[in-house]
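Written below as C-alpha cells is the structure these notes are about.
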Amino acid sequence: MDVKFINAFTKSITNVLKTMMELDVKFGKPHIKQADAEKLDVSAVIGLSGDASGVVVIAFRKEIAARAASRFAGLEMTVDHADFADSLGEFANMVAGGAKAEFHGLDVSISLPSVIVGDNHEVIKSKVHPALVIPCTAEFGSFVVEICMEVRKPATVGA
Amino acid sequence: MKILLVDDSRTIRNIQKNIFAKLGHETIVEAADGVEGLKQVEAESPELIILDWNMPNMDGITFLKTLRAQGNKTPVIMCTTESEKSRVIQAIQAGASNYVVKPFSTETMAEKINQTIKKVTAG
C-alpha cells in the first residue's frame, strides 16, 4: 500500500476525534506490523471493497476501549454495556468512511462494522499485503489503526 | 414536529435525539434499518426523516427511492459517512432534501435541520 494513503487515515482520525469527542490526537510513526506486535483486547473492523479492498482495524486495550466508547457515545460504559460495540463500530465506520472520501479516482465501498472482544487477540489479515500500523494517542489512552489494503487503480489522495 | 431517525447505530440515534431535544423537538420515533423505517413511516407519519445510508436489510438509498415511489414527500436529511460528490448527487436525485456528512457537530446538524424545516414551511 502506498504511504500516501496514511494521510487520508490520519486526517479522518483527527476529524472524527475532534468532531465527535472534542479531542486532539497525536500520531506515532506509522510502521509495518511485525509478527511480535502487542496483541490487544478489542478490535473494531471495517471491510473495504471495490477499487481498493482490504480491512481497517482499530484496536484497543479493554479499559481504553471502554473510555473511547464512553466518550464517543456521551455516556459512561464498560465493555459489557449494550451499546459498547455499537459505539466503537460507529467510530470505526466514521474513520474508514472519512478516509475513503479522500481516495480520488477510486470507487470504494465499506462494510458494516464488526467489533471483536477477547483478551490478547489478533485479527489475521493478508500475508501478501502486510498491515500498516498507525499508533494514536488521545486523552482516553493509546490505540492503533491497522490498514491492510490493496489498491487496484491509480489514485490521488487528499484535496 | 414528529421526527423519524433511521440508523442502524443506536449510539448515533441517541446523539441525534440529544440534538433534537436541545432544539426543542421531543417527538422522536426510531428505526434500525430501511424496512423498519418504512413501517414507522406508515404507522407514525413523521414530518421529518433523518436517514443513514449503510444499513442491514434495506439501505438508506433504497428506503428513499421506495418512499418517493409511494408518493411520500416527507423531507429527508441523509446523515452518512458517504461523502463523495457522486453519492450526494445520487441521494439528491433519489429525493433527499438535505445532506449531513458523519462525523457531524451539533451545530452542523442543527443548521441542516433548520434549513430543511424552513424550506418545507416556505413551500
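Going through the C-alpha cells in order, the chains are called A, B, and so on, while each chain numbers its residues from 1 and the ligands are numbered from 1 in the order shown.
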
Inset, instruction - Tell me, as a count of residues only, which residues lie within 6 Å of Ser49 of chain A, counting only C-alpha atoms; anything in the same chain fewer than 2 positions away does not count. - result: 4

Legend entry - Residue list for chain A near chain B as a ChimeraX atom specification, 10 Å, only C-alpha atoms: /A:12,15-22,69,72-75,82-91,93-104,107,109-112

Mind dumping the selected residues with C-alpha atoms as a CSV table (one decimal), in the first residue's frame?
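Written output follows (selection_35.csv):
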```csv
chain,number,residue,atom,x,y,z
A,12,SER,CA,-10.0,11.2,9.1
A,15,ASN,CA,-11.6,14.8,12.2
A,16,VAL,CA,-13.6,12.1,14.0
A,17,LEU,CA,-12.0,12.7,17.4
A,18,LYS,CA,-12.3,16.5,17.1
A,19,THR,CA,-15.9,16.5,15.9
A,20,MET,CA,-17.5,13.6,17.9
A,21,MET,CA,-15.3,13.7,21.0
A,22,GLU,CA,-13.8,17.2,21.1
A,69,ALA,CA,-16.7,4.2,23.5
A,72,PHE,CA,-17.9,8.8,21.6
A,73,ALA,CA,-21.4,7.9,22.9
A,74,GLY,CA,-21.5,10.6,25.5
A,75,LEU,CA,-22.4,8.1,28.3
A,82,ALA,CA,-25.3,-3.0,25.4
A,83,ASP,CA,-24.1,-0.1,23.3
A,84,PHE,CA,-20.3,-0.7,23.7
A,85,ALA,CA,-19.8,-2.5,20.3
A,86,ASP,CA,-22.2,-0.1,18.6
A,87,SER,CA,-20.3,2.9,19.7
A,88,LEU,CA,-16.9,1.6,18.7
A,89,GLY,CA,-18.3,0.2,15.4
A,90,GLU,CA,-19.7,3.6,14.5
A,91,PHE,CA,-16.3,5.2,15.5
A,93,ASN,CA,-17.2,3.4,10.4
A,94,MET,CA,-16.6,7.2,10.5
A,95,VAL,CA,-12.8,6.8,10.4
A,96,ALA,CA,-13.0,4.4,7.3
A,97,GLY,CA,-15.7,6.5,5.6
A,98,GLY,CA,-13.8,9.7,6.1
A,99,ALA,CA,-10.6,8.2,4.7
A,100,LYS,CA,-12.2,6.7,1.6
A,101,ALA,CA,-13.7,10.1,0.8
A,102,GLU,CA,-10.0,11.2,0.3
A,103,PHE,CA,-9.3,8.5,-2.3
A,104,HIS,CA,-9.9,10.4,-5.5
A,107,ASP,CA,-14.8,3.7,-6.1
A,109,SER,CA,-17.4,0.6,-0.5
A,110,ILE,CA,-17.2,0.0,3.2
A,111,SER,CA,-18.8,-2.8,5.1
A,112,LEU,CA,-21.0,-2.6,8.2
```

Inset, instruction - Could you tell me, as a ChimeraX atom specification, which residues of chain B DSSP assigns to strand (DSSP E or B) when given the backbone? - result: /B:2-6,27-31,48-51,76-80,98-101

Inset, instruction - Kindly indicate which residue among A:Glu122, A:Asp2, A:Asp80, A:Asp24 lies nearest to Ala37 of chain A, using only C-alpha atoms for the distances. - result: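 Ranking A:Glu122, A:Asp2, A:Asp80, A:Asp24 by distance to Ala37 of chain A, first place goes to A:Glu122.
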
Legend entry - Distance query Gly28 of chain A at most 7 Å, only C-alpha atoms, self and fewer than 6 positions along chain excluded, as JSON, numbers by chain: {"A": [134, 135, 136]}

Legend entry - For Glu111 of chain B: contacts at 12 Å, only C-alpha atoms, fewer than 3 positions along chain excluded, given as a PyMOL selection string: chain B and resi 19-20+23+77+98-100+104-108+114-118

Using only C-alpha atoms, determine which residues lie at most 6 Å from Leu48 of chain B, disregarding the query and same-chain residues fewer than 4 positions distant; provide the list as a compact mmCIF listing (two decimals) with N, CA and C atoms, in the first residue's frame.
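Below is the file that was written, selection_33.txt:
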```
# COMPACT_ATOMS: atom_id res chain seq x y z
N ILE B 3 -40.36 13.36 14.39
CA ILE B 3 -39.15 13.07 13.61
C ILE B 3 -38.83 11.58 13.68
N THR B 74 -42.36 13.48 2.52
CA THR B 74 -41.75 13.88 3.80
C THR B 74 -40.28 14.26 3.57
N PRO B 75 -39.85 15.43 4.08
CA PRO B 75 -38.44 15.80 3.90
C PRO B 75 -37.50 14.80 4.58
```

Inset, instruction - Check the DSSP output for the backbone and give back, as number ranges by chain, the residues of segment 4-121 of chain A in helix (DSSP H, G or I). - result: A: 4-21, 62-73, 84-100

Legend entry - Distance of atom CA of Glu76 of chain A from atom CA of Glu139 of chain A, expressed in Å to one decimal place: 15.2 Å

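Straight-line separation from atom CA of Thr156 of chain A to atom CA of Lys4 of chain A: 8.4 Å.
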